[in-house]
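Have a look at final_23.pdb below; it lists PDB, C-alpha atoms.
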MODEL        1
ATOM      1  CA  MET A   1      64.343  92.257 128.334  1.00  0.00           C
ATOM      2  CA  PRO A   2      62.562  89.054 127.123  1.00  0.00           C
ATOM      3  CA  LEU A   3      60.913  89.321 123.720  1.00  0.00           C
ATOM      4  CA  ARG A   4      57.545  88.272 125.140  1.00  0.00           C
ATOM      5  CA  LEU A   5      57.596  91.156 127.627  1.00  0.00           C
ATOM      6  CA  ILE A   6      58.574  93.594 124.871  1.00  0.00           C
ATOM      7  CA  SER A   7      55.638  92.391 122.768  1.00  0.00           C
ATOM      8  CA  ILE A   8      53.226  92.857 125.668  1.00  0.00           C
ATOM      9  CA  LEU A   9      54.509  96.367 126.311  1.00  0.00           C
ATOM     10  CA  LEU A  10      54.233  97.313 122.647  1.00  0.00           C
ATOM     11  CA  ALA A  11      50.701  95.964 122.488  1.00  0.00           C
ATOM     12  CA  SER A  12      49.825  97.990 125.564  1.00  0.00           C
ATOM     13  CA  ILE A  13      51.235 101.153 124.016  1.00  0.00           C
ATOM     14  CA  THR A  14      49.342 100.547 120.778  1.00  0.00           C
ATOM     15  CA  PHE A  15      46.104 100.018 122.699  1.00  0.00           C
ATOM     16  CA  THR A  16      46.658 103.191 124.699  1.00  0.00           C
ATOM     17  CA  LEU A  17      47.287 105.269 121.601  1.00  0.00           C
ATOM     18  CA  ALA A  18      44.238 103.920 119.764  1.00  0.00           C
ATOM     19  CA  GLY A  19      41.538 106.574 119.435  1.00  0.00           C
ATOM     20  CA  PRO A  20      37.862 106.648 118.471  1.00  0.00           C
ATOM     21  CA  SER A  21      38.746 106.818 114.754  1.00  0.00           C
ATOM     22  CA  ASP A  22      41.286 103.981 114.861  1.00  0.00           C
ATOM     23  CA  PRO A  23      39.766 100.601 113.918  1.00  0.00           C
ATOM     24  CA  GLU A  24      40.193  98.239 116.832  1.00  0.00           C
ATOM     25  CA  PRO A  25      38.778  94.765 117.537  1.00  0.00           C
ATOM     26  CA  VAL A  26      37.270  93.515 120.773  1.00  0.00           C
ATOM     27  CA  ALA A  27      39.372  90.690 122.215  1.00  0.00           C
ATOM     28  CA  GLU A  28      36.469  88.306 122.735  1.00  0.00           C
ATOM     29  CA  ALA A  29      35.618  85.153 120.804  1.00  0.00           C
ATOM     30  CA  SER A  30      31.888  85.925 120.973  1.00  0.00           C
ATOM     31  CA  TRP A  31      32.495  89.286 119.315  1.00  0.00           C
ATOM     32  CA  MET A  32      34.403  87.668 116.454  1.00  0.00           C
ATOM     33  CA  ARG A  33      31.601  85.129 116.048  1.00  0.00           C
ATOM     34  CA  ALA A  34      29.127  87.990 115.817  1.00  0.00           C
ATOM     35  CA  ILE A  35      31.169  89.473 112.973  1.00  0.00           C
ATOM     36  CA  ALA A  36      30.943  86.167 111.117  1.00  0.00           C
ATOM     37  CA  THR A  37      27.154  86.118 111.599  1.00  0.00           C
ATOM     38  CA  GLN A  38      26.853  89.671 110.325  1.00  0.00           C
ATOM     39  CA  LYS A  39      28.949  88.825 107.281  1.00  0.00           C
ATOM     40  CA  GLN A  40      26.437  86.085 106.467  1.00  0.00           C
ATOM     41  CA  ALA A  41      23.572  88.545 106.833  1.00  0.00           C
ATOM     42  CA  LEU A  42      25.213  90.688 104.153  1.00  0.00           C
ATOM     43  CA  ASP A  43      25.409  87.745 101.771  1.00  0.00           C
ATOM     44  CA  GLN A  44      22.024  88.534 100.247  1.00  0.00           C
ATOM     45  CA  PRO A  45      21.049  90.837  97.386  1.00  0.00           C
ATOM     46  CA  SER A  46      19.073  94.059  97.455  1.00  0.00           C
ATOM     47  CA  VAL A  47      19.075  95.117 101.111  1.00  0.00           C
ATOM     48  CA  ASP A  48      16.775  98.084 101.688  1.00  0.00           C
ATOM     49  CA  LEU A  49      17.884  99.185 105.159  1.00  0.00           C
ATOM     50  CA  CYS A  50      21.155  98.488 106.951  1.00  0.00           C
ATOM     51  CA  PHE A  51      21.361  99.578 110.606  1.00  0.00           C
ATOM     52  CA  VAL A  52      24.856 100.209 112.001  1.00  0.00           C
ATOM     53  CA  GLY A  53      25.768 100.839 115.628  1.00  0.00           C
ATOM     54  CA  ASP A  54      25.968  99.506 119.175  1.00  0.00           C
ATOM     55  CA  SER A  55      23.371  98.075 121.580  1.00  0.00           C
ATOM     56  CA  LEU A  56      20.797 100.724 120.683  1.00  0.00           C
ATOM     57  CA  THR A  57      20.910  99.304 117.167  1.00  0.00           C
ATOM     58  CA  GLU A  58      21.269  95.634 118.109  1.00  0.00           C
ATOM     59  CA  PHE A  59      18.268  95.726 120.453  1.00  0.00           C
ATOM     60  CA  TRP A  60      15.973  96.936 117.659  1.00  0.00           C
ATOM     61  CA  THR A  61      15.407  93.218 117.029  1.00  0.00           C
ATOM     62  CA  ALA A  62      15.059  92.316 120.737  1.00  0.00           C
ATOM     63  CA  THR A  63      13.361  94.916 122.926  1.00  0.00           C
ATOM     64  CA  GLY A  64      12.168  96.758 119.846  1.00  0.00           C
ATOM     65  CA  LYS A  65      11.192  93.685 117.804  1.00  0.00           C
ATOM     66  CA  PRO A  66       7.430  94.416 117.697  1.00  0.00           C
ATOM     67  CA  ILE A  67       8.220  97.877 116.313  1.00  0.00           C
ATOM     68  CA  TRP A  68      10.851  96.470 113.931  1.00  0.00           C
ATOM     69  CA  ASP A  69       8.360  93.934 112.563  1.00  0.00           C
ATOM     70  CA  LEU A  70       5.613  96.540 112.242  1.00  0.00           C
ATOM     71  CA  GLU A  71       7.655  99.279 110.596  1.00  0.00           C
ATOM     72  CA  PHE A  72      10.041  97.272 108.414  1.00  0.00           C
ATOM     73  CA  HIS A  73       8.153  94.072 107.588  1.00  0.00           C
ATOM     74  CA  ASP A  74       7.937  94.984 103.905  1.00  0.00           C
ATOM     75  CA  ARG A  75      11.653  95.773 103.548  1.00  0.00           C
ATOM     76  CA  THR A  76      14.807  93.712 103.518  1.00  0.00           C
ATOM     77  CA  CYS A  77      16.762  94.787 106.595  1.00  0.00           C
ATOM     78  CA  VAL A  78      20.141  93.937 108.093  1.00  0.00           C
ATOM     79  CA  ASN A  79      21.028  94.788 111.684  1.00  0.00           C
ATOM     80  CA  LEU A  80      24.751  95.444 112.194  1.00  0.00           C
ATOM     81  CA  GLY A  81      24.485  96.532 115.818  1.00  0.00           C
ATOM     82  CA  LEU A  82      26.660  95.066 118.577  1.00  0.00           C
ATOM     83  CA  ALA A  83      26.206  95.857 122.244  1.00  0.00           C
ATOM     84  CA  GLY A  84      29.136  97.628 123.853  1.00  0.00           C
ATOM     85  CA  ASP A  85      30.767  98.691 120.608  1.00  0.00           C
ATOM     86  CA  ARG A  86      32.535 102.012 120.477  1.00  0.00           C
ATOM     87  CA  THR A  87      33.268 103.802 117.221  1.00  0.00           C
ATOM     88  CA  GLU A  88      36.661 102.125 116.858  1.00  0.00           C
ATOM     89  CA  HIS A  89      35.012  98.688 117.091  1.00  0.00           C
ATOM     90  CA  ILE A  90      32.416  99.589 114.488  1.00  0.00           C
ATOM     91  CA  LEU A  91      35.182 100.781 112.168  1.00  0.00           C
ATOM     92  CA  PHE A  92      37.010  97.484 112.614  1.00  0.00           C
ATOM     93  CA  ARG A  93      33.860  95.506 111.812  1.00  0.00           C
ATOM     94  CA  LEU A  94      33.220  97.575 108.698  1.00  0.00           C
ATOM     95  CA  SER A  95      36.775  96.917 107.527  1.00  0.00           C
ATOM     96  CA  ARG A  96      35.860  93.221 107.479  1.00  0.00           C
ATOM     97  CA  PHE A  97      32.565  93.637 105.615  1.00  0.00           C
ATOM     98  CA  SER A  98      31.746  93.746 101.934  1.00  0.00           C
ATOM     99  CA  PHE A  99      28.518  95.318 100.750  1.00  0.00           C
ATOM    100  CA  ALA A 100      29.096  94.304  97.138  1.00  0.00           C
ATOM    101  CA  LYS A 101      26.275  91.771  97.124  1.00  0.00           C
ATOM    102  CA  ALA A 102      23.862  93.397  99.570  1.00  0.00           C
ATOM    103  CA  LYS A 103      24.165  96.864  98.006  1.00  0.00           C
ATOM    104  CA  PRO A 104      22.150  98.545 100.800  1.00  0.00           C
ATOM    105  CA  ARG A 105      19.957 101.392  99.607  1.00  0.00           C
ATOM    106  CA  THR A 106      20.032 103.122 102.996  1.00  0.00           C
ATOM    107  CA  PHE A 107      22.241 103.047 106.094  1.00  0.00           C
ATOM    108  CA  ILE A 108      21.011 104.146 109.531  1.00  0.00           C
ATOM    109  CA  LEU A 109      24.027 105.015 111.713  1.00  0.00           C
ATOM    110  CA  LEU A 110      23.740 105.494 115.483  1.00  0.00           C
ATOM    111  CA  ALA A 111      27.050 105.416 117.354  1.00  0.00           C
ATOM    112  CA  GLY A 112      29.248 107.181 119.878  1.00  0.00           C
ATOM    113  CA  THR A 113      27.482 106.939 123.230  1.00  0.00           C
ATOM    114  CA  ASN A 114      29.837 104.210 124.495  1.00  0.00           C
ATOM    115  CA  ASN A 115      32.862 106.387 123.744  1.00  0.00           C
ATOM    116  CA  LEU A 116      31.452 109.206 125.839  1.00  0.00           C
ATOM    117  CA  SER A 117      30.404 106.977 128.746  1.00  0.00           C
ATOM    118  CA  LYS A 118      33.636 104.994 129.106  1.00  0.00           C
ATOM    119  CA  ASP A 119      36.198 105.786 131.809  1.00  0.00           C
ATOM    120  CA  PRO A 120      37.958 107.995 130.914  1.00  0.00           C
ATOM    121  CA  PRO A 121      35.626 109.276 128.202  1.00  0.00           C
ATOM    122  CA  ASP A 122      36.725 110.251 124.730  1.00  0.00           C
ATOM    123  CA  ALA A 123      36.496 113.935 123.846  1.00  0.00           C
ATOM    124  CA  PRO A 124      33.342 115.063 122.005  1.00  0.00           C
ATOM    125  CA  ALA A 125      35.328 116.418 119.034  1.00  0.00           C
ATOM    126  CA  GLU A 126      37.105 113.060 118.664  1.00  0.00           C
ATOM    127  CA  VAL A 127      33.856 111.106 118.873  1.00  0.00           C
ATOM    128  CA  ALA A 128      32.217 113.382 116.311  1.00  0.00           C
ATOM    129  CA  ALA A 129      35.182 112.875 113.966  1.00  0.00           C
ATOM    130  CA  ALA A 130      34.883 109.102 114.414  1.00  0.00           C
ATOM    131  CA  VAL A 131      31.151 109.110 113.604  1.00  0.00           C
ATOM    132  CA  ILE A 132      31.899 111.146 110.494  1.00  0.00           C
ATOM    133  CA  ARG A 133      34.566 108.638 109.518  1.00  0.00           C
ATOM    134  CA  ILE A 134      32.139 105.731 109.919  1.00  0.00           C
ATOM    135  CA  ALA A 135      29.670 107.473 107.600  1.00  0.00           C
ATOM    136  CA  ALA A 136      32.476 108.094 105.097  1.00  0.00           C
ATOM    137  CA  VAL A 137      33.479 104.421 105.183  1.00  0.00           C
ATOM    138  CA  LEU A 138      29.885 103.403 104.497  1.00  0.00           C
ATOM    139  CA  LYS A 139      29.786 105.754 101.507  1.00  0.00           C
ATOM    140  CA  THR A 140      33.096 104.434 100.214  1.00  0.00           C
ATOM    141  CA  LYS A 141      31.962 100.833 100.483  1.00  0.00           C
ATOM    142  CA  SER A 142      28.499 101.517  99.084  1.00  0.00           C
ATOM    143  CA  PRO A 143      28.661 104.744  97.032  1.00  0.00           C
ATOM    144  CA  GLU A 144      25.050 104.689  95.810  1.00  0.00           C
ATOM    145  CA  ALA A 145      23.551 104.323  99.284  1.00  0.00           C
ATOM    146  CA  ARG A 146      21.971 107.018 101.395  1.00  0.00           C
ATOM    147  CA  VAL A 147      23.378 107.431 104.902  1.00  0.00           C
ATOM    148  CA  PHE A 148      21.354 108.832 107.776  1.00  0.00           C
ATOM    149  CA  VAL A 149      23.614 109.879 110.658  1.00  0.00           C
ATOM    150  CA  LEU A 150      21.561 109.948 113.847  1.00  0.00           C
ATOM    151  CA  SER A 151      22.431 112.176 116.775  1.00  0.00           C
ATOM    152  CA  ILE A 152      23.609 110.490 119.958  1.00  0.00           C
ATOM    153  CA  LEU A 153      20.587 109.914 122.182  1.00  0.00           C
ATOM    154  CA  PRO A 154      20.356 110.935 125.857  1.00  0.00           C
ATOM    155  CA  ASN A 155      22.281 108.762 128.304  1.00  0.00           C
ATOM    156  CA  GLY A 156      21.625 108.723 132.039  1.00  0.00           C
ATOM    157  CA  ASN A 157      18.603 109.626 134.129  1.00  0.00           C
ATOM    158  CA  ILE A 158      20.055 112.828 135.598  1.00  0.00           C
ATOM    159  CA  PRO A 159      20.128 116.024 133.502  1.00  0.00           C
ATOM    160  CA  ASP A 160      23.200 118.243 133.272  1.00  0.00           C
ATOM    161  CA  THR A 161      25.794 115.572 134.072  1.00  0.00           C
ATOM    162  CA  PRO A 162      29.211 115.632 132.359  1.00  0.00           C
ATOM    163  CA  LEU A 163      28.033 112.755 130.153  1.00  0.00           C
ATOM    164  CA  ARG A 164      24.873 114.580 129.130  1.00  0.00           C
ATOM    165  CA  LYS A 165      26.908 117.715 128.368  1.00  0.00           C
ATOM    166  CA  SER A 166      29.382 115.677 126.283  1.00  0.00           C
ATOM    167  CA  ILE A 167      26.524 114.205 124.255  1.00  0.00           C
ATOM    168  CA  VAL A 168      25.083 117.654 123.558  1.00  0.00           C
ATOM    169  CA  GLU A 169      28.528 118.948 122.566  1.00  0.00           C
ATOM    170  CA  THR A 170      29.207 115.977 120.281  1.00  0.00           C
ATOM    171  CA  ASN A 171      25.858 116.463 118.583  1.00  0.00           C
ATOM    172  CA  ARG A 172      26.597 120.174 118.186  1.00  0.00           C
ATOM    173  CA  VAL A 173      29.899 119.435 116.448  1.00  0.00           C
ATOM    174  CA  LEU A 174      28.239 116.868 114.186  1.00  0.00           C
ATOM    175  CA  ALA A 175      25.452 119.286 113.290  1.00  0.00           C
ATOM    176  CA  GLU A 176      27.988 121.952 112.313  1.00  0.00           C
ATOM    177  CA  ARG A 177      30.095 119.543 110.265  1.00  0.00           C
ATOM    178  CA  TYR A 178      27.136 118.166 108.347  1.00  0.00           C
ATOM    179  CA  ALA A 179      25.634 121.612 107.792  1.00  0.00           C
ATOM    180  CA  ALA A 180      28.831 122.443 105.924  1.00  0.00           C
ATOM    181  CA  GLN A 181      28.975 119.300 103.798  1.00  0.00           C
ATOM    182  CA  ALA A 182      27.400 119.083 100.353  1.00  0.00           C
ATOM    183  CA  ASP A 183      26.710 115.370  99.869  1.00  0.00           C
ATOM    184  CA  PRO A 184      22.946 115.071  99.318  1.00  0.00           C
ATOM    185  CA  LYS A 185      23.088 111.372 100.151  1.00  0.00           C
ATOM    186  CA  VAL A 186      24.375 111.916 103.691  1.00  0.00           C
ATOM    187  CA  THR A 187      21.755 113.324 106.060  1.00  0.00           C
ATOM    188  CA  TRP A 188      22.164 114.432 109.660  1.00  0.00           C
ATOM    189  CA  LEU A 189      19.120 113.776 111.861  1.00  0.00           C
ATOM    190  CA  ASP A 190      19.044 115.375 115.309  1.00  0.00           C
ATOM    191  CA  LEU A 191      16.598 113.256 117.303  1.00  0.00           C
ATOM    192  CA  HIS A 192      18.082 113.862 120.763  1.00  0.00           C
ATOM    193  CA  ASP A 193      15.378 116.161 122.152  1.00  0.00           C
ATOM    194  CA  ARG A 194      12.512 113.945 121.004  1.00  0.00           C
ATOM    195  CA  PHE A 195      13.262 111.697 123.961  1.00  0.00           C
ATOM    196  CA  LEU A 196      13.411 114.433 126.622  1.00  0.00           C
ATOM    197  CA  THR A 197      10.942 116.593 128.510  1.00  0.00           C
ATOM    198  CA  ASP A 198      11.383 120.349 128.847  1.00  0.00           C
ATOM    199  CA  ARG A 199      13.258 119.607 132.102  1.00  0.00           C
ATOM    200  CA  GLN A 200      15.723 117.407 130.178  1.00  0.00           C
ATOM    201  CA  THR A 201      14.523 114.204 131.829  1.00  0.00           C
ATOM    202  CA  TRP A 202      13.539 111.180 129.760  1.00  0.00           C
ATOM    203  CA  LYS A 203       9.956 111.242 128.569  1.00  0.00           C
ATOM    204  CA  PRO A 204       7.895 108.593 130.382  1.00  0.00           C
ATOM    205  CA  HIS A 205       8.295 104.990 129.256  1.00  0.00           C
ATOM    206  CA  LEU A 206      10.902 105.659 126.531  1.00  0.00           C
ATOM    207  CA  THR A 207      13.883 104.079 128.319  1.00  0.00           C
ATOM    208  CA  LEU A 208      14.539 100.944 130.341  1.00  0.00           C
ATOM    209  CA  ASP A 209      17.487 102.218 132.353  1.00  0.00           C
ATOM    210  CA  GLY A 210      18.366 105.718 131.221  1.00  0.00           C
ATOM    211  CA  THR A 211      20.489 104.389 128.362  1.00  0.00           C
ATOM    212  CA  HIS A 212      18.622 101.715 126.435  1.00  0.00           C
ATOM    213  CA  LEU A 213      15.317 102.247 124.713  1.00  0.00           C
ATOM    214  CA  SER A 214      12.093 100.585 125.729  1.00  0.00           C
ATOM    215  CA  GLN A 215       9.614  99.332 123.156  1.00  0.00           C
ATOM    216  CA  ALA A 216       7.957 102.753 123.325  1.00  0.00           C
ATOM    217  CA  GLY A 217      11.376 104.319 122.808  1.00  0.00           C
ATOM    218  CA  TYR A 218      11.890 102.323 119.630  1.00  0.00           C
ATOM    219  CA  ASP A 219       8.444 103.375 118.477  1.00  0.00           C
ATOM    220  CA  THR A 220       9.471 107.020 118.981  1.00  0.00           C
ATOM    221  CA  LEU A 221      12.669 106.378 117.022  1.00  0.00           C
ATOM    222  CA  ALA A 222      10.780 104.631 114.217  1.00  0.00           C
ATOM    223  CA  GLN A 223       8.258 107.473 113.940  1.00  0.00           C
ATOM    224  CA  ALA A 224      11.112 109.987 113.721  1.00  0.00           C
ATOM    225  CA  LEU A 225      12.744 108.009 110.912  1.00  0.00           C
ATOM    226  CA  ALA A 226       9.580 107.181 108.980  1.00  0.00           C
ATOM    227  CA  PRO A 227       9.222 110.419 106.949  1.00  0.00           C
ATOM    228  CA  HIS A 228      12.842 110.178 105.807  1.00  0.00           C
ATOM    229  CA  LEU A 229      12.714 106.505 104.887  1.00  0.00           C
ATOM    230  CA  LYS A 230       9.651 106.961 102.715  1.00  0.00           C
TER
ENDMDL
END
Hey, can you dump this file as structure tokens for me?
Amino acid sequence: MPLRLISILLASITFTLAGPSDPEPVAEASWMRAIATQKQALDQPSVDLCFVGDSLTEFWTATGKPIWDLEFHDRTCVNLGLAGDRTEHILFRLSRFSFAKAKPRTFILLAGTNNLSKDPPDAPAEVAAAVIRIAAVLKTKSPEARVFVLSILPNGNIPDTPLRKSIVETNRVLAERYAAQADPKVTWLDLHDRFLTDRQTWKPHLTLDGTHLSQAGYDTLAQALAPHLK
């Protein structure tokens, strides 16, 4: 068998075996350029808030920019969100970052929804373990920082779907794990139900498409975070 074919097969096997807690890059030049940009953003001292996650984090400074400017204008903030990222991609990015200069005082972590919505989806227990690992990496890289681990937000416009059930189960596992941990600088925040009505549908005007937050959605998120960030 030609060596090139063997290499392709091995790469395919490695990719298949990679799980939510295994750091893995995205094979796109634009993604690697985004990492370089984020590295530059961390090349500043005394960062107050560092947001880590996927599109829900990245779009804080797009759809949610008026809320971002209003709520965080007096703080030095870095946004480390990238649309489409799963937990394994976030872990890979963090492996390439140094927080030695920025020394963030607080991390806001929101991740995992893309793992649960991919085809086939990752298991809730695996996604919860990956989120916990991301928080642990942040603490290792920046031991003095506080880390707020946010629950996975609702995804989809229809209640009681397999995806919605997986999100609830993942959040349940995370809540149990963090209830048992003793690190006062790592805080679990369950914000999931703030975005839903009693019938488990999205509250009016909080989402653009059932997944991403509207400006009003970011305002709801900011108001939920505000007491903790003070």
Notebook entry, point to check: If you count all atoms listed in the file, which residues fall within 12 Å of Ala136 in chain A, apart from same-chain ones fewer than 3 positions away, as a list in words?
Noted result: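 Counting only the stated atoms, we get Ser21, Leu91, Leu94, Phe107, Leu109, Ala129, Ala130, Val131, Ile132, Arg133, Lys139, Thr140, Lys141, Ser142, Pro143, Ala145, Arg146, Val147, Phe148, Val149, Tyr178, Gln181, Asp183, Lys185, Val186 and Thr187 of chain A.
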Notebook entry, point to check: Which is closer to Lys103 in chain A than all the others in A:Pro45, A:Gly53, A:Gly19, A:Pro184, using only C-alpha atoms?
Noted result: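 Using only C-alpha atoms, Lys103 in chain A sits closest to A:Pro45.
You can rank A:Ala226, A:Val52, A:Ala36, A:Ala135 by their closest distance to Leu70 in chain A using all atoms listed in the file, and at the top of that list sits A:Ala226.
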Let me have the centre and edge lengths of the axis-aligned box enclosing all listed atoms of range 197-212 of chain A with 6 Å padding on every side, in Å to one decimal, as AutoDock Vina command-line options.
--center_x 14.2 --center_y 110.6 --center_z 129.4 --size_x 24.6 --size_y 31.4 --size_z 17.9
Item checked: Selection: 10 Å around Asp85 in chain A, only C-alpha atoms, excl. self and same-chain fewer than 2 positions, as a list in words -> Pro25, Val26, Trp31, Gly53, Asp54, Ser55, Gly81, Leu82, Ala83, Thr87, Glu88, His89, Ile90, Leu91, Arg93, Ala111, Gly112, Thr113, Asn114 and Asn115 of chain A
Next item on the list: Show which residues sit within 8 Å of range 154-160 of chain A, as a list in words. Count all atoms listed in the file, and ignore same-chain residues fewer than 5 positions away.
Entry: Thr113, Lys165, Ile167, His192, Phe195, Leu196, Arg199, Gln200, Thr201, Trp202, Asp209, Gly210 and Thr211 of chain A
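Across the structure, CA of Phe59 in chain A and CA of Leu191 in chain A are spaced 17.9 Å apart.
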